[in-house]
>>> print(open('structure_18.cif').read())   # mmCIF, C-alpha atoms
data_work
#
loop_
_atom_site.label_atom_id
_atom_site.label_comp_id
_atom_site.auth_asym_id
_atom_site.auth_seq_id
_atom_site.Cartn_x
_atom_site.Cartn_y
_atom_site.Cartn_z
CA MET A 23 3.78 1.05 -6.81
CA SER A 24 2.42 2.04 -4.00
CA SER A 25 1.83 1.93 -4.20
CA VAL A 26 3.02 1.47 -6.09
CA GLY A 27 2.77 0.50 -4.92
CA SER A 28 1.90 -2.84 -4.85
CA ARG A 29 4.65 -4.93 -6.12
CA TYR A 30 4.86 -8.69 -6.22
CA ALA A 31 7.38 -10.67 -8.21
CA PRO A 32 8.09 -14.39 -8.41
CA GLU A 33 10.58 -15.17 -5.67
CA GLY A 34 14.06 -13.96 -6.44
CA ALA A 35 13.01 -11.91 -9.48
CA PRO A 36 14.71 -8.50 -9.83
CA ASP A 37 11.47 -6.52 -9.67
CA TYR A 38 11.93 -3.41 -7.53
CA SER A 39 10.14 -0.83 -9.66
CA HIS A 40 6.62 0.20 -8.72
CA ARG A 41 5.75 0.88 -12.34
CA PHE A 42 5.16 -2.75 -13.27
CA HIS A 43 2.19 -3.08 -10.92
CA ALA A 44 0.82 0.47 -10.63
CA GLY A 45 -2.90 0.60 -10.03
CA ASN A 46 -3.36 -3.14 -9.52
CA VAL A 47 -5.61 -4.55 -6.82
CA GLY A 48 -2.78 -4.52 -4.28
CA ASP A 49 -2.38 -0.79 -4.88
CA VAL A 50 -6.12 -0.31 -4.57
CA TRP A 51 -6.25 -2.00 -1.17
CA LYS A 52 -3.09 -0.33 0.13
CA HIS A 53 -4.00 3.13 -1.10
CA CYS A 54 -7.61 2.94 0.02
CA ALA A 55 -6.24 2.22 3.50
CA LEU A 56 -3.62 4.98 3.23
CA VAL A 57 -6.09 7.65 2.15
CA GLU A 58 -8.40 6.73 5.02
CA ILE A 59 -5.59 6.71 7.58
CA LEU A 60 -4.23 10.07 6.47
CA ARG A 61 -7.69 11.63 6.40
CA ARG A 62 -8.43 10.47 9.93
CA ALA A 63 -4.97 11.34 11.23
CA ALA A 64 -5.27 14.89 9.89
CA ALA A 65 -8.73 15.30 11.40
CA GLY A 66 -7.62 14.04 14.80
CA ARG A 67 -4.12 15.46 15.13
CA GLY A 68 -3.91 18.44 12.82
CA ALA A 69 -0.47 18.62 11.19
CA VAL A 70 0.67 15.24 9.87
CA ARG A 71 4.27 14.36 9.01
CA TYR A 72 4.12 11.59 6.44
CA VAL A 73 7.03 9.21 5.85
CA ASP A 74 7.29 6.76 2.93
CA THR A 75 10.19 4.29 3.08
CA HIS A 76 9.86 3.01 -0.52
CA ALA A 77 8.29 5.94 -2.33
CA GLY A 78 8.93 4.91 -5.94
CA GLU A 79 8.51 7.44 -8.75
CA GLY A 80 5.38 9.12 -7.41
CA ARG A 81 3.31 8.75 -10.56
CA TYR A 82 3.02 6.08 -13.27
CA ALA A 83 1.78 6.03 -16.85
CA LEU A 84 -0.72 3.25 -17.53
CA ALA A 85 -0.79 1.38 -20.82
CA PRO A 86 -4.15 0.44 -22.39
CA THR A 87 -3.77 -3.02 -20.84
CA GLY A 88 -2.08 -4.13 -17.65
CA GLU A 89 -2.62 -5.18 -14.06
CA TRP A 90 -4.47 -1.92 -13.37
CA THR A 91 -7.45 -3.30 -15.31
CA GLU A 92 -8.06 -5.71 -12.40
CA GLY A 93 -7.57 -2.91 -9.89
CA ILE A 94 -8.34 0.78 -10.27
CA GLY A 95 -9.84 0.05 -13.70
CA ARG A 96 -12.65 -1.92 -12.05
CA LEU A 97 -13.56 1.03 -9.83
CA TRP A 98 -12.83 3.99 -12.11
CA ASP A 99 -16.37 4.43 -13.43
CA ALA A 100 -18.27 2.62 -10.68
CA ARG A 101 -21.55 4.38 -9.99
CA ASP A 102 -22.67 2.39 -6.96
CA LEU A 103 -19.91 3.33 -4.51
CA ASP A 104 -21.20 4.26 -1.08
CA ASP A 105 -19.94 7.48 0.44
CA GLY A 106 -17.17 5.66 2.27
CA ALA A 107 -13.45 4.95 2.09
CA VAL A 108 -13.54 3.44 -1.42
CA ALA A 109 -15.41 6.41 -2.87
CA ARG A 110 -13.00 8.82 -1.18
CA TYR A 111 -9.98 6.93 -2.52
CA VAL A 112 -11.32 6.83 -6.10
CA ALA A 113 -12.18 10.53 -5.92
CA VAL A 114 -8.60 11.35 -4.95
CA CYS A 115 -7.24 9.24 -7.82
CA ARG A 116 -9.55 10.97 -10.29
CA ARG A 117 -8.13 14.37 -9.35
CA PHE A 118 -5.01 13.41 -11.28
CA VAL A 119 -6.91 12.39 -14.46
CA PRO A 120 -9.91 14.73 -14.63
CA GLY A 121 -12.61 13.66 -17.05
CA GLY A 122 -10.72 10.61 -18.27
CA GLU A 123 -12.72 7.64 -19.53
CA ARG A 124 -9.96 5.49 -18.14
CA PRO A 125 -6.98 6.29 -15.92
CA GLY A 126 -4.06 7.21 -18.17
CA SER A 127 -1.80 7.47 -15.14
CA TYR A 128 -1.87 6.43 -11.52
CA PRO A 129 -0.67 8.39 -8.47
CA GLY A 130 1.75 6.67 -6.12
CA SER A 131 1.51 6.99 -2.36
CA PRO A 132 3.45 10.30 -2.15
CA LEU A 133 1.03 12.07 -4.49
CA LEU A 134 -1.97 10.56 -2.70
CA ALA A 135 -0.54 11.79 0.61
CA ARG A 136 -0.03 15.26 -0.83
CA ALA A 137 -3.59 15.34 -2.15
CA VAL A 138 -5.11 14.29 1.18
CA LEU A 139 -2.88 16.34 3.50
CA GLY A 140 -2.50 19.49 1.39
CA ASP A 141 0.41 21.43 -0.03
CA GLY A 142 1.74 22.49 3.37
CA ALA A 143 2.10 19.01 4.84
CA ALA A 144 5.56 17.62 5.55
CA LEU A 145 6.42 14.66 3.31
CA VAL A 146 9.60 12.71 4.04
CA LEU A 147 10.28 10.30 1.16
CA TRP A 148 12.92 7.61 0.73
CA GLU A 149 13.66 5.70 -2.45
CA ARG A 150 16.75 3.55 -2.93
CA ASP A 151 16.61 3.16 -6.73
CA ALA A 152 18.47 6.10 -8.31
CA ALA A 153 16.36 6.33 -11.48
CA ALA A 154 13.10 6.14 -9.54
CA CYS A 155 14.43 8.74 -7.10
CA GLU A 156 15.11 11.14 -9.97
CA GLN A 157 11.52 10.75 -11.19
CA LEU A 158 10.25 11.21 -7.66
CA HIS A 159 11.95 14.62 -7.49
CA ALA A 160 10.20 15.59 -10.73
CA ASN A 161 6.76 14.31 -9.70
CA VAL A 162 6.43 15.39 -6.06
CA ALA A 163 7.03 19.01 -5.12
CA ALA A 164 8.03 20.41 -1.73
CA ALA A 165 9.02 17.10 -0.18
CA ARG A 166 12.18 16.01 1.61
CA ILE A 167 13.47 13.26 -0.65
CA THR A 168 16.40 10.99 0.14
CA CYS A 169 17.86 8.50 -2.32
CA GLY A 170 18.66 5.75 0.14
CA ASP A 171 17.38 2.92 2.33
CA GLY A 172 14.25 4.13 4.11
CA LEU A 173 13.87 0.87 5.99
CA ALA A 174 17.26 1.34 7.66
CA ALA A 175 16.33 4.92 8.61
CA LEU A 176 13.00 4.08 10.23
CA THR A 177 13.99 4.29 13.88
CA SER A 178 15.56 7.73 13.41
CA LEU A 179 12.37 9.41 12.16
CA MET A 180 11.29 10.56 15.61
CA ASP A 181 8.78 13.18 14.45
CA ALA A 182 6.86 10.90 12.06
CA THR A 183 3.06 10.81 12.32
CA VAL A 184 2.15 8.23 9.65
CA VAL A 185 4.75 5.88 8.12
CA LEU A 186 4.12 3.71 5.06
CA ILE A 187 6.49 0.75 4.69
CA ASP A 188 6.02 -0.73 1.22
CA PRO A 189 9.05 -2.89 0.33
CA PRO A 190 9.45 -4.99 -2.83
CA TRP A 191 9.19 -8.40 -1.09
CA THR A 192 11.32 -10.08 -3.76
CA GLN A 193 13.58 -12.06 -1.41
CA LYS A 194 12.83 -14.64 1.29
CA ALA A 195 14.95 -12.59 3.66
CA ASP A 196 12.50 -9.68 3.37
CA TRP A 197 10.01 -11.64 5.46
CA ILE A 198 12.43 -11.46 8.41
CA ALA A 199 14.26 -8.17 7.80
CA VAL A 200 11.13 -6.11 7.18
CA PRO A 201 9.19 -7.26 10.28
CA ASP A 202 12.30 -6.76 12.39
CA ALA A 203 12.63 -3.18 11.13
CA VAL A 204 8.95 -2.43 11.74
CA ILE A 205 9.06 -3.95 15.24
CA ALA A 206 12.05 -1.76 16.07
CA ALA A 207 10.26 1.28 14.65
CA ALA A 208 7.11 0.56 16.67
CA ARG A 209 9.22 0.75 19.82
CA ALA A 210 11.29 3.76 18.74
CA LEU A 211 8.35 5.82 17.43
CA PRO A 212 5.62 5.44 20.06
CA GLY A 213 3.51 8.26 18.62
CA ALA A 214 3.49 7.12 15.00
CA CYS A 215 0.98 5.08 13.03
CA LEU A 216 2.85 2.42 11.04
CA VAL A 217 1.37 0.90 7.88
CA LEU A 218 3.09 -2.17 6.41
CA TRP A 219 1.87 -3.50 3.04
CA TYR A 220 2.59 -7.13 2.12
CA PRO A 221 1.64 -9.51 -0.72
CA VAL A 222 -0.40 -12.67 -0.24
CA LYS A 223 0.23 -15.74 -2.39
CA SER A 224 -0.24 -18.15 0.52
CA LEU A 225 -0.73 -17.65 4.23
CA THR A 226 2.52 -19.28 5.35
CA ARG A 227 4.78 -16.23 5.36
CA PRO A 228 2.15 -13.69 6.43
CA ASN A 229 1.20 -15.91 9.37
CA ALA A 230 4.84 -16.35 10.36
CA MET A 231 5.27 -12.57 10.23
CA LEU A 232 2.24 -12.00 12.45
CA ALA A 233 3.50 -14.58 14.93
CA ARG A 234 6.79 -12.67 15.05
CA PHE A 235 4.99 -9.45 16.00
CA GLU A 236 2.98 -11.25 18.66
CA ALA A 237 6.06 -12.95 20.10
CA GLU A 238 7.82 -9.57 20.33
CA GLY A 239 4.85 -8.05 22.17
CA VAL A 240 4.18 -5.38 19.53
CA PRO A 241 0.39 -5.01 19.18
CA GLY A 242 -1.18 -4.52 15.79
CA THR A 243 -3.93 -5.53 13.39
CA ILE A 244 -3.95 -6.94 9.89
CA ALA A 245 -6.55 -6.41 7.19
CA GLU A 246 -6.12 -8.79 4.22
CA LEU A 247 -8.09 -8.82 1.00
CA VAL A 248 -7.76 -11.76 -1.41
CA THR A 249 -9.34 -11.40 -4.86
CA THR A 250 -7.96 -14.56 -6.46
CA SER A 251 -8.46 -17.73 -4.44
CA LEU A 252 -5.27 -19.07 -2.89
CA LYS A 253 -6.07 -22.35 -4.62
CA HIS A 254 -5.19 -20.71 -7.93
CA GLN A 255 -1.45 -20.13 -8.33
CA ARG A 256 -0.39 -17.47 -10.82
CA HIS A 257 2.33 -14.89 -11.37
CA ARG A 258 0.22 -11.99 -10.16
CA LEU A 259 -0.51 -11.67 -6.48
CA ASN A 260 -3.65 -13.34 -5.11
CA GLY A 261 -4.21 -10.65 -2.53
CA SER A 262 -2.49 -8.32 -0.13
CA GLY A 263 -2.66 -7.08 3.41
CA VAL A 264 -1.90 -4.07 5.53
CA LEU A 265 -0.44 -4.51 8.98
CA LEU A 266 -1.41 -1.52 11.12
CA VAL A 267 0.22 -0.34 14.32
CA ARG A 268 -1.70 2.41 16.14
CA PRO A 269 -4.11 3.35 13.32
CA PRO A 270 -6.43 6.33 13.88
CA ALA A 271 -9.78 5.58 15.48
CA GLY A 272 -12.34 4.22 13.02
CA THR A 273 -9.80 3.05 10.42
CA LEU A 274 -10.36 -0.67 10.91
CA GLU A 275 -14.12 -0.33 10.74
CA ALA A 276 -13.81 1.71 7.53
CA LEU A 277 -11.57 -0.93 5.92
CA ALA A 278 -13.91 -3.75 6.91
CA ALA A 279 -16.75 -1.85 5.25
CA SER A 280 -14.62 -1.27 2.12
CA ALA A 281 -13.54 -4.89 1.63
CA PRO A 282 -16.82 -6.14 0.07
CA THR A 283 -16.90 -3.24 -2.41
CA ILE A 284 -13.33 -3.84 -3.60
CA GLY A 285 -13.62 -7.62 -3.33
CA ARG A 286 -16.74 -7.86 -5.48
CA ALA A 287 -15.38 -5.42 -8.07
CA CYS A 288 -11.86 -6.82 -8.34
CA ALA A 289 -12.34 -10.56 -7.90
CA THR A 290 -10.86 -12.44 -10.85
CA ARG A 291 -13.67 -15.01 -10.53
CA GLN A 292 -17.09 -13.64 -9.73
CA GLY A 293 -17.81 -13.76 -6.02
CA ALA A 294 -14.48 -15.43 -5.22
CA TRP A 295 -12.92 -13.01 -2.77
CA SER A 296 -12.19 -13.13 0.95
CA PHE A 297 -11.31 -10.76 3.76
CA ARG A 298 -9.39 -11.52 6.92
CA THR A 299 -8.72 -9.34 9.93
CA HIS A 300 -6.81 -10.27 13.06
CA ALA A 301 -5.69 -8.22 16.03
CA TRP A 302 -3.21 -9.15 18.75
#
>>> encode(input="structure_18.cif", output="structure tokens")
Amino acid sequence: MSSVGSRYAPEGAPDYSHRFHAGNVGDVWKHCALVEILRRAAAGRGAVRYVDTHAGEGRYALAPTGEWTEGIGRLWDARDLDDGAVARYVAVCRRFVPGGERPGSYPGSPLLARAVLGDGAALVLWERDAAACEQLHANVAAARITCGDGLAALTSLMDATVVLIDPPWTQKADWIAVPDAVIAAARALPGACLVLWYPVKSLTRPNAMLARFEAEGVPGTIAELVTTSLKHQRHRLNGSGVLLVRPPAGTLEALAASAPTIGRACATRQGAWSFRTHAW
């Protein structure tokens, strides 16, 4: 889902579609970060060319129950949101379901990008699943959409401003192939902000990925939010992180301020949430 975004499946499971996890807490964290990054990029640089390597369908219907109830559902009617990144993110989501008592649908990252950047912004969207790509064409207007492997195309997108890399993470090999692609893109696209979303079920693979970036000399920062303690194993993800390369000024501070709001609201056990940030 985006973003859907956020997608996490038991290892090896054939779960590529965003729709299964739309609006869950991984989407909330990823999309809160994305909205803030795009807002700041547009304010600082003017025209923004947004690239999404795993764009999904663009928009997802939400059943009365589902993972979204532990994500956007916890924030939908919150009245105590400060005027910060979380409030801005929720306000953008609500544009797509005006007046709804609950979100009947959830916007994926392409629609969020369109809402933040405006109708005239350049959106370059990749989606490798043919059925999802067909829906993407129907849901997102005036975008350049390619049904193919956005990860493989990363280094060729020389005019990108902000790039979201949001792969399915269903195979062990993803934890090597994806960092390698992002490292190559960081070198090939020196003017772009790169945003990599990843699931957290334990710290072993995320830590190995970060060590890979450090060893390759590619600077970045992670911001991880865990809303189910890593001591509790379950099928749904425990948390998620965003790895940021060259984020706009103020982004990291805004995310650090947002973590307690999302953590308290979305924790599966009251008060049991954690936030980690690390720069190298």
>>> atom_distance(input="structure_18.cif", atom1="CA of Leu186 (chain A)", atom2="CA of Leu259 (chain A)")
19.8 Å
>>> closest_atom_pairs(input="structure_18.cif", of="region 132-213 of chain A", to="region 77-95 of chain A", cutoff="12 Å", atoms="only C-alpha atoms", output="JSON lines")
{"residue": "A:Pro132", "atom": "CA", "partner": "A:Gly80", "partner_atom": "CA", "distance": 5.7}
{"residue": "A:Leu133", "atom": "CA", "partner": "A:Gly80", "partner_atom": "CA", "distance": 6.0}
{"residue": "A:Leu134", "atom": "CA", "partner": "A:Gly80", "partner_atom": "CA", "distance": 8.8}
{"residue": "A:Ala135", "atom": "CA", "partner": "A:Gly80", "partner_atom": "CA", "distance": 10.3}
{"residue": "A:Arg136", "atom": "CA", "partner": "A:Gly80", "partner_atom": "CA", "distance": 10.5}
{"residue": "A:Leu145", "atom": "CA", "partner": "A:Ala77", "partner_atom": "CA", "distance": 10.6}
{"residue": "A:Val146", "atom": "CA", "partner": "A:Ala77", "partner_atom": "CA", "distance": 9.4}
{"residue": "A:Leu147", "atom": "CA", "partner": "A:Ala77", "partner_atom": "CA", "distance": 5.9}
{"residue": "A:Trp148", "atom": "CA", "partner": "A:Ala77", "partner_atom": "CA", "distance": 5.8}
{"residue": "A:Glu149", "atom": "CA", "partner": "A:Ala77", "partner_atom": "CA", "distance": 5.4}
{"residue": "A:Arg150", "atom": "CA", "partner": "A:Gly78", "partner_atom": "CA", "distance": 8.5}
{"residue": "A:Asp151", "atom": "CA", "partner": "A:Gly78", "partner_atom": "CA", "distance": 7.9}
{"residue": "A:Ala152", "atom": "CA", "partner": "A:Gly78", "partner_atom": "CA", "distance": 9.9}
{"residue": "A:Ala153", "atom": "CA", "partner": "A:Glu79", "partner_atom": "CA", "distance": 8.4}
{"residue": "A:Ala154", "atom": "CA", "partner": "A:Glu79", "partner_atom": "CA", "distance": 4.8}
{"residue": "A:Cys155", "atom": "CA", "partner": "A:Glu79", "partner_atom": "CA", "distance": 6.3}
{"residue": "A:Glu156", "atom": "CA", "partner": "A:Glu79", "partner_atom": "CA", "distance": 7.7}
{"residue": "A:Gln157", "atom": "CA", "partner": "A:Glu79", "partner_atom": "CA", "distance": 5.1}
{"residue": "A:Leu158", "atom": "CA", "partner": "A:Glu79", "partner_atom": "CA", "distance": 4.3}
{"residue": "A:His159", "atom": "CA", "partner": "A:Glu79", "partner_atom": "CA", "distance": 8.1}
{"residue": "A:Ala160", "atom": "CA", "partner": "A:Glu79", "partner_atom": "CA", "distance": 8.6}
{"residue": "A:Asn161", "atom": "CA", "partner": "A:Gly80", "partner_atom": "CA", "distance": 5.8}
{"residue": "A:Val162", "atom": "CA", "partner": "A:Gly80", "partner_atom": "CA", "distance": 6.5}
{"residue": "A:Ala163", "atom": "CA", "partner": "A:Gly80", "partner_atom": "CA", "distance": 10.3}
{"residue": "A:Ala165", "atom": "CA", "partner": "A:Gly80", "partner_atom": "CA", "distance": 11.4}
{"residue": "A:Arg166", "atom": "CA", "partner": "A:Ala77", "partner_atom": "CA", "distance": 11.5}
{"residue": "A:Ile167", "atom": "CA", "partner": "A:Ala77", "partner_atom": "CA", "distance": 9.1}
{"residue": "A:Thr168", "atom": "CA", "partner": "A:Ala77", "partner_atom": "CA", "distance": 9.9}
{"residue": "A:Cys169", "atom": "CA", "partner": "A:Ala77", "partner_atom": "CA", "distance": 9.9}
{"residue": "A:Gly170", "atom": "CA", "partner": "A:Ala77", "partner_atom": "CA", "distance": 10.7}
{"residue": "A:Asp171", "atom": "CA", "partner": "A:Ala77", "partner_atom": "CA", "distance": 10.7}
{"residue": "A:Gly172", "atom": "CA", "partner": "A:Ala77", "partner_atom": "CA", "distance": 9.0}
{"residue": "A:Leu173", "atom": "CA", "partner": "A:Ala77", "partner_atom": "CA", "distance": 11.2}
{"residue": "A:Val185", "atom": "CA", "partner": "A:Ala77", "partner_atom": "CA", "distance": 11.0}
{"residue": "A:Leu186", "atom": "CA", "partner": "A:Ala77", "partner_atom": "CA", "distance": 8.8}
{"residue": "A:Ile187", "atom": "CA", "partner": "A:Ala77", "partner_atom": "CA", "distance": 8.9}
{"residue": "A:Asp188", "atom": "CA", "partner": "A:Ala77", "partner_atom": "CA", "distance": 7.9}
{"residue": "A:Pro189", "atom": "CA", "partner": "A:Ala77", "partner_atom": "CA", "distance": 9.3}
{"residue": "A:Pro190", "atom": "CA", "partner": "A:Gly78", "partner_atom": "CA", "distance": 10.4}
>>> resolve_selection(input="structure_18.cif", expression="the PyMOL selection byres ((chain A and resi 60) around 9)", output="list in words")
Ala55, Leu56, Val57, Glu58, Ile59, Arg61, Arg62, Ala63, Ala64, Ala65, Val70, Tyr72, Ala135, Val138, Leu139, Val184 and Pro270 of chain A
>>> write_last_selection(input="structure_18.cif", atoms="C-alpha atoms", output="PDB file, in the frame of the given file")
ATOM      1  CA  ALA A  55      -6.240   2.220   3.500  1.00  0.00           C
ATOM      2  CA  LEU A  56      -3.620   4.980   3.230  1.00  0.00           C
ATOM      3  CA  VAL A  57      -6.090   7.650   2.150  1.00  0.00           C
ATOM      4  CA  GLU A  58      -8.400   6.730   5.020  1.00  0.00           C
ATOM      5  CA  ILE A  59      -5.590   6.710   7.580  1.00  0.00           C
ATOM      6  CA  ARG A  61      -7.690  11.630   6.400  1.00  0.00           C
ATOM      7  CA  ARG A  62      -8.430  10.470   9.930  1.00  0.00           C
ATOM      8  CA  ALA A  63      -4.970  11.340  11.230  1.00  0.00           C
ATOM      9  CA  ALA A  64      -5.270  14.890   9.890  1.00  0.00           C
ATOM     10  CA  ALA A  65      -8.730  15.300  11.400  1.00  0.00           C
ATOM     11  CA  VAL A  70       0.670  15.240   9.870  1.00  0.00           C
ATOM     12  CA  TYR A  72       4.120  11.590   6.440  1.00  0.00           C
ATOM     13  CA  ALA A 135      -0.540  11.790   0.610  1.00  0.00           C
ATOM     14  CA  VAL A 138      -5.110  14.290   1.180  1.00  0.00           C
ATOM     15  CA  LEU A 139      -2.880  16.340   3.500  1.00  0.00           C
ATOM     16  CA  VAL A 184       2.150   8.230   9.650  1.00  0.00           C
ATOM     17  CA  PRO A 270      -6.430   6.330  13.880  1.00  0.00           C
TER      18      PRO A 270
END
>>> closest_residue(input="structure_18.cif", among="A:Ala107, A:Ala278, A:Met231, A:Leu266", to="Leu216 (chain A)", atoms="only C-alpha atoms")
A:Leu266
>>> closest_residue(input="structure_18.cif", among="A:Leu103, A:Pro120, A:Ala237, A:Thr75", to="Ala207 (chain A)", atoms="only C-alpha atoms")
A:Thr75
>>> closest_residue(input="structure_18.cif", among="A:Arg268, A:Phe235, A:Ala287, A:Ala195", to="Trp98 (chain A)", atoms="only C-alpha atoms")
A:Ala287
>>> atom_distance(input="structure_18.cif", atom1="CA of Leu225 (chain A)", atom2="CA of Trp191 (chain A)")
14.6 Å
>>> atom_distance(input="structure_18.cif", atom1="CA of Thr177 (chain A)", atom2="CA of Val264 (chain A)")
19.8 Å
